[in-house]
Every structure is written in structure tokens, then in C-alpha cells.
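Participant: mmCIF, C-alpha atoms, saved as coords_0.cif, coming up:
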data_model
loop_
_atom_site.label_atom_id
_atom_site.label_comp_id
_atom_site.auth_asym_id
_atom_site.auth_seq_id
_atom_site.Cartn_x
_atom_site.Cartn_y
_atom_site.Cartn_z
CA MET A 1 -34.18 -26.14 -41.65
CA ASN A 2 -32.80 -26.97 -38.18
CA GLY A 3 -29.36 -26.28 -36.78
CA GLY A 4 -27.87 -24.65 -39.88
CA GLU A 5 -26.65 -21.20 -40.86
CA THR A 6 -30.18 -20.09 -41.79
CA LEU A 7 -33.67 -20.89 -40.59
CA ASP A 8 -37.14 -20.14 -41.89
CA PHE A 9 -38.83 -17.71 -39.52
CA GLU A 10 -42.44 -18.28 -38.57
CA ILE A 11 -44.25 -14.94 -38.36
CA ARG A 12 -46.88 -14.77 -35.63
CA PRO A 13 -48.36 -11.24 -35.75
CA ASN A 14 -49.22 -9.56 -32.48
CA PRO A 15 -53.01 -9.83 -32.15
CA ALA A 16 -53.18 -6.51 -30.28
CA PRO A 17 -50.50 -4.17 -31.70
CA VAL A 18 -50.15 -0.57 -30.59
CA SER A 19 -52.40 1.66 -32.69
CA ALA A 20 -50.87 3.97 -35.28
CA ALA A 21 -51.99 7.02 -33.31
CA GLU A 22 -50.51 5.75 -30.04
CA ARG A 23 -47.28 4.72 -31.76
CA SER A 24 -46.94 8.18 -33.30
CA ALA A 25 -47.40 9.78 -29.88
CA LEU A 26 -44.78 7.47 -28.32
CA LEU A 27 -42.26 8.24 -31.05
CA THR A 28 -42.52 11.97 -30.37
CA ASN A 29 -40.26 11.63 -27.33
CA PRO A 30 -39.23 8.00 -26.86
CA GLY A 31 -36.27 8.54 -24.52
CA PHE A 32 -33.93 5.54 -24.31
CA GLY A 33 -34.90 1.94 -23.57
CA ARG A 34 -38.33 2.58 -22.11
CA ILE A 35 -40.59 1.96 -25.11
CA PHE A 36 -40.67 -1.30 -27.06
CA THR A 37 -42.04 -2.47 -30.40
CA ASP A 38 -44.88 -4.93 -30.86
CA HIS A 39 -42.77 -8.00 -31.63
CA MET A 40 -39.64 -9.92 -30.70
CA VAL A 41 -37.55 -12.71 -32.19
CA THR A 42 -37.08 -16.04 -30.42
CA VAL A 43 -34.87 -18.92 -31.57
CA ARG A 44 -34.13 -22.03 -29.52
CA TYR A 45 -31.07 -24.25 -29.23
CA ALA A 46 -30.68 -27.79 -27.92
CA GLU A 47 -27.51 -29.83 -27.78
CA GLY A 48 -27.53 -32.41 -30.55
CA LYS A 49 -30.28 -30.54 -32.42
CA GLY A 50 -28.82 -27.12 -33.02
CA TRP A 51 -30.81 -23.94 -33.54
CA TYR A 52 -34.48 -24.38 -34.32
CA ASP A 53 -37.99 -22.90 -33.94
CA ALA A 54 -37.21 -19.40 -35.23
CA ARG A 55 -40.13 -17.02 -34.72
CA VAL A 56 -41.16 -13.40 -34.86
CA GLU A 57 -43.94 -13.18 -32.33
CA ALA A 58 -45.71 -10.76 -30.01
CA ARG A 59 -43.38 -9.24 -27.44
CA ALA A 60 -44.31 -10.83 -24.11
CA PRO A 61 -42.82 -12.02 -20.80
CA ILE A 62 -40.62 -15.12 -20.99
CA PRO A 63 -41.79 -18.03 -18.83
CA MET A 64 -38.87 -19.19 -16.69
CA ASP A 65 -38.42 -22.02 -14.24
CA PRO A 66 -36.73 -21.03 -10.94
CA ALA A 67 -33.95 -23.52 -11.73
CA THR A 68 -33.17 -22.02 -15.15
CA ALA A 69 -29.38 -22.07 -15.45
CA VAL A 70 -28.88 -18.37 -16.27
CA LEU A 71 -30.37 -17.37 -12.91
CA HIS A 72 -27.69 -19.30 -11.07
CA TYR A 73 -24.56 -19.31 -13.24
CA ALA A 74 -25.02 -16.19 -15.40
CA GLN A 75 -24.41 -17.65 -18.85
CA GLU A 76 -25.72 -14.63 -20.74
CA ILE A 77 -24.50 -12.35 -23.53
CA PHE A 78 -25.98 -9.45 -25.49
CA GLU A 79 -25.38 -6.94 -28.26
CA GLY A 80 -26.62 -3.46 -29.10
CA LEU A 81 -26.98 -1.75 -32.48
CA LYS A 82 -29.26 0.72 -34.23
CA ALA A 83 -31.50 0.75 -37.30
CA TYR A 84 -31.91 4.06 -39.13
CA ARG A 85 -34.60 5.48 -41.39
CA ALA A 86 -33.07 6.17 -44.82
CA ALA A 87 -33.92 9.27 -46.85
CA ASP A 88 -36.08 7.20 -49.22
CA GLY A 89 -38.04 5.68 -46.33
CA GLY A 90 -36.07 2.43 -46.21
CA VAL A 91 -34.17 1.11 -43.19
CA THR A 92 -30.43 0.54 -42.73
CA LEU A 93 -28.13 -1.00 -40.11
CA PHE A 94 -24.57 0.01 -39.27
CA ARG A 95 -22.04 -2.87 -39.36
CA PRO A 96 -24.38 -5.63 -38.13
CA ASP A 97 -21.85 -8.22 -39.31
CA ALA A 98 -19.41 -6.87 -36.71
CA ASN A 99 -22.03 -7.29 -33.98
CA ALA A 100 -22.66 -10.85 -35.20
CA GLY A 101 -18.94 -11.62 -34.97
CA ARG A 102 -18.58 -10.15 -31.49
CA PHE A 103 -21.68 -12.06 -30.36
CA GLN A 104 -19.95 -15.30 -31.39
CA GLN A 105 -16.76 -14.28 -29.59
CA SER A 106 -18.71 -13.52 -26.43
CA ALA A 107 -20.45 -16.90 -26.70
CA ALA A 108 -17.12 -18.69 -27.00
CA ARG A 109 -15.78 -17.00 -23.84
CA MET A 110 -18.94 -17.84 -21.90
CA ALA A 111 -18.97 -21.49 -23.11
CA MET A 112 -22.24 -20.96 -24.98
CA ALA A 113 -23.48 -22.26 -28.32
CA PRO A 114 -22.64 -19.65 -30.99
CA VAL A 115 -25.41 -18.16 -33.11
CA PRO A 116 -24.44 -18.50 -36.82
CA GLN A 117 -23.75 -15.11 -38.35
CA GLN A 118 -26.43 -15.39 -41.02
CA LEU A 119 -29.04 -16.43 -38.46
CA PHE A 120 -28.10 -13.40 -36.34
CA LEU A 121 -28.45 -11.06 -39.34
CA ASP A 122 -31.69 -12.67 -40.47
CA ALA A 123 -33.17 -12.26 -36.99
CA LEU A 124 -32.50 -8.52 -37.11
CA SER A 125 -33.93 -8.17 -40.60
CA GLU A 126 -37.07 -10.17 -39.86
CA LEU A 127 -37.89 -8.11 -36.78
CA ILE A 128 -37.31 -4.84 -38.63
CA ARG A 129 -39.56 -5.96 -41.50
CA VAL A 130 -42.41 -6.70 -39.12
CA ASP A 131 -41.91 -3.62 -36.92
CA ARG A 132 -40.68 -1.19 -39.60
CA ASP A 133 -43.26 1.43 -38.56
CA TRP A 134 -41.46 1.74 -35.23
CA VAL A 135 -38.26 3.07 -36.85
CA PRO A 136 -38.37 6.82 -36.10
CA SER A 137 -38.46 9.20 -39.05
CA ASP A 138 -36.97 11.94 -36.86
CA PRO A 139 -33.39 12.54 -38.13
CA GLU A 140 -32.12 12.27 -34.55
CA GLY A 141 -33.98 9.04 -33.77
CA SER A 142 -33.27 5.38 -34.40
CA LEU A 143 -34.48 1.90 -33.51
CA TYR A 144 -32.21 0.34 -30.90
CA LEU A 145 -31.91 -3.43 -31.34
CA ARG A 146 -30.97 -5.70 -28.44
CA PRO A 147 -30.02 -9.27 -29.42
CA PHE A 148 -29.32 -11.46 -26.40
CA GLN A 149 -28.84 -15.10 -25.49
CA TYR A 150 -29.07 -16.97 -22.21
CA ALA A 151 -28.76 -20.46 -20.75
CA SER A 152 -32.31 -21.84 -20.63
CA GLU A 153 -31.69 -25.39 -19.39
CA VAL A 154 -33.48 -26.22 -16.14
CA PHE A 155 -30.63 -27.69 -14.15
CA LEU A 156 -28.73 -26.92 -10.93
CA GLY A 157 -25.23 -27.91 -11.86
CA VAL A 158 -22.05 -25.99 -12.66
CA LYS A 159 -21.59 -26.79 -16.33
CA PRO A 160 -22.30 -25.17 -19.69
CA SER A 161 -25.99 -25.28 -20.46
CA SER A 162 -27.25 -27.71 -23.08
CA GLU A 163 -30.10 -25.39 -24.05
CA TYR A 164 -30.20 -21.70 -25.00
CA LEU A 165 -32.72 -19.08 -26.02
CA PHE A 166 -31.70 -16.35 -28.48
CA LEU A 167 -33.93 -13.28 -28.65
CA VAL A 168 -34.04 -9.86 -30.28
CA ILE A 169 -36.14 -7.02 -28.90
CA ALA A 170 -36.32 -3.46 -30.23
CA SER A 171 -36.79 -0.02 -28.69
CA PRO A 172 -37.24 3.28 -30.56
CA VAL A 173 -34.90 5.91 -29.15
CA GLY A 174 -34.42 9.65 -29.56
CA SER A 175 -31.31 11.79 -29.52
CA TYR A 176 -28.89 10.79 -26.76
CA PHE A 177 -27.99 14.46 -26.23
CA LYS A 178 -30.85 16.86 -25.62
CA GLY A 179 -29.84 20.35 -26.69
CA GLY A 180 -26.60 19.31 -28.37
CA VAL A 181 -23.46 17.37 -27.50
CA LYS A 182 -21.91 18.40 -24.19
CA PRO A 183 -18.63 17.27 -22.58
CA VAL A 184 -19.07 14.84 -19.70
CA SER A 185 -17.25 14.58 -16.39
CA VAL A 186 -15.67 11.26 -15.40
CA TRP A 187 -14.69 9.71 -12.07
CA VAL A 188 -11.55 7.57 -11.88
CA SER A 189 -12.27 4.55 -9.71
CA ARG A 190 -9.51 3.57 -7.27
CA ASP A 191 -11.47 0.92 -5.38
CA TYR A 192 -13.02 -1.13 -8.18
CA THR A 193 -11.82 -2.67 -11.43
CA ARG A 194 -13.91 -3.77 -14.38
CA ALA A 195 -11.97 -6.84 -15.55
CA ALA A 196 -8.74 -8.74 -14.99
CA PRO A 197 -6.46 -10.59 -17.45
CA GLY A 198 -8.02 -13.93 -18.27
CA GLY A 199 -11.47 -12.72 -17.23
CA THR A 200 -14.51 -11.76 -19.26
CA GLY A 201 -13.61 -8.15 -20.06
CA ALA A 202 -13.66 -8.70 -23.82
CA ALA A 203 -17.05 -10.43 -23.74
CA LYS A 204 -20.27 -8.44 -23.83
CA CYS A 205 -21.92 -10.18 -20.91
CA GLY A 206 -24.22 -8.80 -18.26
CA GLY A 207 -21.85 -9.66 -15.41
CA ASN A 208 -19.33 -7.06 -16.58
CA TYR A 209 -21.97 -4.36 -16.38
CA ALA A 210 -23.32 -5.55 -13.03
CA ALA A 211 -19.80 -5.34 -11.61
CA SER A 212 -19.48 -1.75 -12.85
CA LEU A 213 -22.65 -0.41 -11.26
CA VAL A 214 -21.24 0.23 -7.78
CA ALA A 215 -18.40 2.24 -9.30
CA GLN A 216 -20.86 4.12 -11.52
CA ALA A 217 -22.92 4.96 -8.46
CA GLU A 218 -19.75 6.25 -6.80
CA ALA A 219 -19.11 8.45 -9.84
CA ILE A 220 -22.59 9.95 -9.60
CA GLU A 221 -22.11 10.58 -5.86
CA HIS A 222 -19.07 12.67 -6.79
CA GLY A 223 -20.96 14.67 -9.38
CA CYS A 224 -19.65 12.80 -12.43
CA ASP A 225 -21.45 11.34 -15.42
CA GLN A 226 -19.33 8.25 -15.96
CA VAL A 227 -16.69 6.09 -14.30
CA VAL A 228 -13.20 5.31 -15.66
CA PHE A 229 -11.63 1.97 -14.77
CA LEU A 230 -7.89 1.38 -14.42
CA ASP A 231 -6.16 -1.94 -15.07
CA ALA A 232 -6.65 -4.63 -12.44
CA VAL A 233 -2.97 -5.59 -12.07
CA GLU A 234 -1.17 -2.28 -11.45
CA GLN A 235 -4.10 0.13 -11.05
CA HIS A 236 -2.04 2.37 -13.28
CA TYR A 237 -3.23 2.18 -16.90
CA VAL A 238 -6.57 3.34 -18.29
CA ASP A 239 -8.83 0.51 -19.47
CA GLU A 240 -12.24 1.94 -20.41
CA LEU A 241 -15.31 3.70 -19.07
CA GLY A 242 -18.24 1.85 -17.56
CA GLY A 243 -19.82 1.30 -20.96
CA MET A 244 -17.58 3.05 -23.49
CA ASN A 245 -14.07 2.97 -24.94
CA VAL A 246 -11.83 6.03 -24.50
CA PHE A 247 -9.63 8.02 -26.92
CA TYR A 248 -7.02 10.79 -26.58
CA VAL A 249 -6.07 13.50 -29.10
CA PHE A 250 -2.60 15.08 -28.78
CA ASP A 251 -1.02 18.34 -29.92
CA ASP A 252 0.82 16.58 -32.74
CA GLY A 253 -2.52 15.49 -34.22
CA SER A 254 -2.16 11.84 -33.20
CA LEU A 255 -4.91 9.71 -31.71
CA LEU A 256 -4.37 7.11 -28.97
CA THR A 257 -6.60 4.48 -27.41
CA PRO A 258 -5.72 1.66 -24.97
CA PRO A 259 -4.94 -1.65 -26.72
CA LEU A 260 -7.20 -4.68 -26.70
CA THR A 261 -5.50 -7.03 -24.27
CA GLY A 262 -8.52 -9.06 -23.19
CA THR A 263 -9.74 -6.72 -20.44
CA ILE A 264 -11.37 -4.16 -22.75
CA LEU A 265 -14.51 -4.65 -24.82
CA PRO A 266 -13.62 -4.51 -28.53
CA GLY A 267 -16.09 -1.76 -29.36
CA ILE A 268 -17.44 -1.58 -32.89
CA THR A 269 -17.61 2.22 -32.63
CA ARG A 270 -14.00 2.12 -31.35
CA GLU A 271 -12.80 0.19 -34.38
CA SER A 272 -14.78 2.45 -36.70
CA VAL A 273 -13.19 5.56 -35.17
CA LEU A 274 -9.71 4.07 -35.65
CA ARG A 275 -10.38 3.47 -39.33
CA LEU A 276 -12.00 6.87 -39.92
CA ALA A 277 -9.10 8.65 -38.21
CA ALA A 278 -6.59 6.77 -40.37
CA ASP A 279 -8.65 7.68 -43.46
CA GLN A 280 -8.33 11.33 -42.46
CA GLY A 281 -4.54 11.07 -42.25
CA MET A 282 -4.23 10.98 -38.47
CA THR A 283 -1.50 8.96 -36.79
CA VAL A 284 -3.34 6.28 -34.83
CA ARG A 285 -1.81 4.47 -31.86
CA GLU A 286 -3.10 1.62 -29.71
CA GLU A 287 -0.86 1.87 -26.66
CA PRO A 288 -1.11 1.67 -22.86
CA TYR A 289 -1.77 5.08 -21.32
CA SER A 290 -1.42 5.66 -17.59
CA TYR A 291 -3.71 7.81 -15.52
CA GLU A 292 -0.68 9.73 -14.27
CA GLN A 293 0.35 10.50 -17.85
CA TRP A 294 -3.22 11.60 -18.61
CA GLN A 295 -3.00 14.12 -15.79
CA ALA A 296 0.43 15.35 -16.83
CA ASP A 297 -0.48 15.69 -20.52
CA ALA A 298 -3.69 17.56 -19.72
CA ARG A 299 -1.85 20.02 -17.49
CA SER A 300 1.01 20.59 -19.94
CA GLY A 301 -1.32 21.09 -22.89
CA ARG A 302 0.07 18.11 -24.81
CA LEU A 303 -3.34 16.45 -24.51
CA ARG A 304 -5.81 18.54 -26.48
CA GLU A 305 -8.97 16.39 -26.39
CA ALA A 306 -10.39 13.20 -24.93
CA PHE A 307 -13.59 11.39 -25.81
CA ALA A 308 -15.52 8.20 -25.13
CA CYS A 309 -17.39 6.20 -27.75
CA GLY A 310 -20.07 3.53 -27.93
CA THR A 311 -23.30 2.59 -29.68
CA ALA A 312 -25.71 4.67 -27.60
CA ALA A 313 -23.96 8.07 -27.64
CA VAL A 314 -21.60 7.43 -30.62
CA ILE A 315 -18.88 9.90 -29.53
CA THR A 316 -18.93 11.86 -26.27
CA PRO A 317 -16.30 14.52 -25.41
CA ILE A 318 -14.72 14.35 -21.95
CA GLY A 319 -14.27 17.70 -20.23
CA VAL A 320 -13.45 17.10 -16.55
CA VAL A 321 -11.62 14.20 -14.89
CA ARG A 322 -12.01 13.74 -11.14
CA ASP A 323 -10.69 11.34 -8.50
CA ARG A 324 -10.43 11.28 -4.71
CA ASP A 325 -7.39 13.59 -4.83
CA GLY A 326 -8.86 16.32 -7.02
CA GLU A 327 -9.72 17.05 -10.63
CA PHE A 328 -8.34 18.47 -13.87
CA THR A 329 -9.85 19.87 -17.05
CA ILE A 330 -8.96 18.83 -20.59
CA ALA A 331 -8.19 21.93 -22.66
CA ASP A 332 -10.91 24.39 -21.66
CA GLY A 333 -13.51 21.71 -20.93
CA THR A 334 -15.32 22.12 -24.24
CA ALA A 335 -15.81 19.69 -27.11
CA GLY A 336 -12.71 19.68 -29.33
CA LYS A 337 -12.65 19.98 -33.12
CA VAL A 338 -11.16 16.56 -33.82
CA THR A 339 -13.73 14.92 -31.53
CA MET A 340 -16.64 16.68 -33.20
CA ASP A 341 -15.31 16.13 -36.73
CA LEU A 342 -14.98 12.38 -36.09
CA ARG A 343 -18.44 12.33 -34.58
CA GLU A 344 -19.93 14.16 -37.57
CA SER A 345 -18.23 11.78 -40.00
CA LEU A 346 -19.37 8.66 -38.17
CA VAL A 347 -22.95 9.85 -37.63
CA GLY A 348 -23.12 10.88 -41.29
CA ILE A 349 -22.16 7.38 -42.43
CA GLN A 350 -24.55 5.74 -39.98
CA ARG A 351 -27.48 7.88 -41.12
CA GLY A 352 -26.66 7.78 -44.82
CA THR A 353 -25.85 11.49 -45.22
CA ALA A 354 -22.14 10.92 -45.87
CA ALA A 355 -20.11 8.65 -48.15
CA ASP A 356 -19.61 5.08 -46.93
CA PRO A 357 -16.16 4.10 -48.26
CA HIS A 358 -15.91 0.92 -46.18
CA GLY A 359 -19.36 -0.48 -46.99
CA TRP A 360 -20.45 -0.35 -43.36
CA VAL A 361 -24.12 0.43 -44.00
CA HIS A 362 -26.34 -2.63 -44.51
CA ARG A 363 -29.67 -2.11 -46.27
CA VAL A 364 -32.58 -4.00 -44.71
CA LEU A 365 -35.59 -2.43 -46.45
#
Translate the structure described by the file into C-alpha cells.
Facilitator:
Amino acid sequence: MNGGETLDFEIRPNPAPVSAAERSALLTNPGFGRIFTDHMVTVRYAEGKGWYDARVEARAPIPMDPATAVLHYAQEIFEGLKAYRAADGGVTLFRPDANAGRFQQSAARMAMAPVPQQLFLDALSELIRVDRDWVPSDPEGSLYLRPFQYASEVFLGVKPSSEYLFLVIASPVGSYFKGGVKPVSVWVSRDYTRAAPGGTGAAKCGGNYAASLVAQAEAIEHGCDQVVFLDAVEQHYVDELGGMNVFYVFDDGSLLTPPLTGTILPGITRESVLRLAADQGMTVREEPYSYEQWQADARSGRLREAFACGTAAVITPIGVVRDRDGEFTIADGTAGKVTMDLRESLVGIQRGTAADPHGWVHRVL
């Protein structure tokens, strides 16, 4: 079937897969994003034809003409999610439908052909079925999935591409935190912003991350783990970190996160945290929060905890905040109880060790 919601995938097994012994050795300490499975998904799109030629094939370099549109005009989007080994040996995904929806929203903002939701989900499932042995059995490990799409038309002209390539690759990963979860330090950027109103801040496109790298490098130069971006208009309100959303826990038990106004990525972990916190009876607020107020609330004790969240690390406590004028510590710089309780709840649902009241876990195998 061509161009519809679903396609039949042609399976082309890798003729030279990694041996079982070598795979086992690699999975002992996979790190993050350095090791890849034997296969990948490719699906093509052409204007007037739709999506077609869906395959699971050997992971290999992608031939690319020097005039391929993505190299010149950056029409590119991606997603990130994890597959987990279930207690019975099966494999599950956490909220893949939400990733499919955000992928379509990113495509719309970047003037790209949207991948139908069912095709997106099928692509994930087909790759997992073929490479299921790459899903770590270690309770701290997972299989990181990277769906992405780019403009593949060979054409030097400023217009939306008429051809696209959609791919999914997979990488087994270990625990993000070696030796336990530790609070991170963050650098507040005064010279760079991540996104402006009307821009691409809400789209998960590579350009947003490329623009953040110089600020991230600045953070590292100042001894910090991550960068915090302020709004582009007033340079006053907190937007998000370089690759994570941010939350604040106050002395009255309430939880606050900056609102989605088009400059912040609508994180799936962010939305999950909001729902879990509400389930636990917390007052949840999505409101603007200024950097100056952050400083004042931390110093007065009104702010008890702060944390960042995203797919890779799930939930990360923030201990120290630094800028060119100095620094301040949140509480005593340790991971707070609310932060760790929310993390434990979310990780438990993702890994199938806790109840899943919202039906977030999707069984693949």
C-alpha cells in the first residue's frame, strides 16, 4: 500500500549482523548513543505519491547528493524515545503515540510532509521486532530509538522539498547516572537565546540544538553541566534548558513550570510529570517565572526544589544556579524528596514496575 496510514514493511536482514557474543559484550557498558543495532528503518516520500518503499534493512551510510535540500535549507526533524525490557522478556514503549503526534507537529512547522501516526508506530515496532536482542536486560538499560526525517530532494532552491526520507535507528543505552542521581549545576545564558516567538522553539528540529551548542559550551567553561535559556523578548523569564524542560517545587507543595507559548519544546516527560503531580494531589501551575524571582525564592527558602526533565535522563535535580554575576544554591544543593518521588513514579511506570493508570505503556512484544 502506498501513501496511506499503513505500509507493508519489507524485511531485508543484515547479512553480517553482530555476533551474539560481541553484542553481549557491547551491552555490558553501552554508554549513550555510541553503539547501534544491526538494522534501521527507511521509508520514502514523494509529492503526488505519498509514503512508500517501507523497509527494515541493514544499518548503513545514506548516499547523499551534495545538492540534497537538507544540507542547504535544514528541513529536518527528529524524535527520541526508549524501549524497555519487560519482566516477562517482552518489550514495551512509553507513550510512543505522543512522540508520533509531536513528530507531525514538528513537520507542520518545518513545512514537511507529515508521517502518519500509524506508520510512525509501525516503524518503531518493526525495528524492535528485528533487533529485539539489542534491548538490554539490565534493569537500568534501555533501547534508545531515534526516528528522524529530512528533505531528500536534490534541488538548490528555497522551497519546501518535494521528497523526504524517514528513518529510525536504535542505540542500546545504560543508566544516564553512574553511581546514582546527582544534582546538576546550570549556567544562565545572558548572551544567547534558544528561540523567539514565531520561531521554531516548539519543533524538535536540529537547528534548535545547533543554536544551543555555543551556550552549552559557555556553561561548561563556567563549570556547569547545562545551560538555561531566558526568553528572547525581555531576557527576563525562564524558557528551558538546552535539552530539557524545567520545574520548580515551592514550600506550599505546589509545582510550577513555564507555559508552552511556542518558544518551548512541549516535552513528553514534561506533560507526564504534570499529570503525575496532579494525580498525587499537588497544585500544578503553568506560569511565567522570572530568573530574578528564581533567585529571590531560592534565597528566601520559598523555593524548595528545582529539576529538569527529558527522555534521556527522565528527571534531574538542579542544585546550583550560576551566571556572570554569581551563583546560588537551591535548598542545600541535594536532590529533593518531591523530585525523587516523581522520578521514582515515572521510571516505575516506564519500566513496568509501577501501576500505569493512564495507559502510557505500549506493548510491542
Participant: Determine the residue set returned by the PyMOL selection byres ((chain A and resi 302-314) around 8) for the present structure, and present it as a tab-separated table (two decimals) with C-alpha atoms, keeping the file's coordinate frame.
Facilitator:
chain	number	residue	atom	x	y	z
A	80	GLY	CA	-26.62	-3.46	-29.10
A	81	LEU	CA	-26.98	-1.75	-32.48
A	82	LYS	CA	-29.26	0.72	-34.23
A	176	TYR	CA	-28.89	10.79	-26.76
A	177	PHE	CA	-27.99	14.46	-26.23
A	241	LEU	CA	-15.31	3.70	-19.07
A	243	GLY	CA	-19.82	1.30	-20.96
A	244	MET	CA	-17.58	3.05	-23.49
A	245	ASN	CA	-14.07	2.97	-24.94
A	246	VAL	CA	-11.83	6.03	-24.50
A	247	PHE	CA	-9.63	8.02	-26.92
A	248	TYR	CA	-7.02	10.79	-26.58
A	249	VAL	CA	-6.07	13.50	-29.10
A	250	PHE	CA	-2.60	15.08	-28.78
A	251	ASP	CA	-1.02	18.34	-29.92
A	267	GLY	CA	-16.09	-1.76	-29.36
A	268	ILE	CA	-17.44	-1.58	-32.89
A	269	THR	CA	-17.61	2.22	-32.63
A	270	ARG	CA	-14.00	2.12	-31.35
A	294	TRP	CA	-3.22	11.60	-18.61
A	297	ASP	CA	-0.48	15.69	-20.52
A	298	ALA	CA	-3.69	17.56	-19.72
A	299	ARG	CA	-1.85	20.02	-17.49
A	300	SER	CA	1.01	20.59	-19.94
A	301	GLY	CA	-1.32	21.09	-22.89
A	315	ILE	CA	-18.88	9.90	-29.53
A	316	THR	CA	-18.93	11.86	-26.27
A	317	PRO	CA	-16.30	14.52	-25.41
A	318	ILE	CA	-14.72	14.35	-21.95
A	319	GLY	CA	-14.27	17.70	-20.23
A	330	ILE	CA	-8.96	18.83	-20.59
A	331	ALA	CA	-8.19	21.93	-22.66
A	335	ALA	CA	-15.81	19.69	-27.11
A	336	GLY	CA	-12.71	19.68	-29.33
A	338	VAL	CA	-11.16	16.56	-33.82
A	339	THR	CA	-13.73	14.92	-31.53
A	343	ARG	CA	-18.44	12.33	-34.58
A	346	LEU	CA	-19.37	8.66	-38.17
A	347	VAL	CA	-22.95	9.85	-37.63
Participant: Given all atoms listed in the file as the basis, pick out the residue of A:Val135, A:Ala58, A:Val18, A:Ala87 nearest to Gly174 in chain A.
Facilitator: A:Val135
Participant: To one decimal in Å, tell me the separation between CA of Leu255 in chain A and CA of Phe229 in chain A.
Facilitator: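 Answer for the CA of Leu255 in chain A to CA of Phe229 in chain A separation: 19.8 Å.
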Participant: When the PyMOL selection byres ((chain A and resi 202-209) around 6) is applied to the structure above, which residues does it catch, written out as an NGL selection string?
Facilitator: :A and (76-77 or 106 or 200-201 or 210-212 or 262-265)
Participant: Name the closest residue to Arg109 in chain A among the candidates A:Trp51, A:Trp187, A:Asp252, A:Gly198; distances are taken between atoms, counting all atoms listed in the file.
Facilitator: A:Gly198
Participant: Neighbouring residues of Tyr164 in chain A were defined as those with any atom within 10 Å, considering only C-alpha atoms; residues of the same chain fewer than 4 positions away were excluded. Please report them as a PyMOL selection string.
Facilitator: chain A and resi 43-47+50-51+69-70+75-76+112-114+149-153
Participant: If the PyMOL selection byres ((chain A and resi 5) around 7) is run on the structure shown, which residues does it catch, given as an NGL selection string?
Facilitator: :A and (4 or 6 or 116 or 118-119)
Participant: Please produce a file of the residues just selected, as an mmCIF file, in the frame of the given file, where the atoms kept are C-alpha atoms.
Facilitator:
data_model
loop_
_atom_site.group_PDB
_atom_site.id
_atom_site.type_symbol
_atom_site.label_atom_id
_atom_site.label_comp_id
_atom_site.auth_asym_id
_atom_site.auth_seq_id
_atom_site.Cartn_x
_atom_site.Cartn_y
_atom_site.Cartn_z
ATOM 1 C CA GLY A 4 -27.870 -24.650 -39.880
ATOM 2 C CA THR A 6 -30.180 -20.090 -41.790
ATOM 3 C CA PRO A 116 -24.440 -18.500 -36.820
ATOM 4 C CA GLN A 118 -26.430 -15.390 -41.020
ATOM 5 C CA LEU A 119 -29.040 -16.430 -38.460
#
Participant: Mind listing whatever residues come within 6 Å of the point (-34.3, -21.3, -37.2)? Use all atoms listed in the file, file coordinates, and give them as a ChimeraX atom specification.
Facilitator: /A:2,7-8,51-54
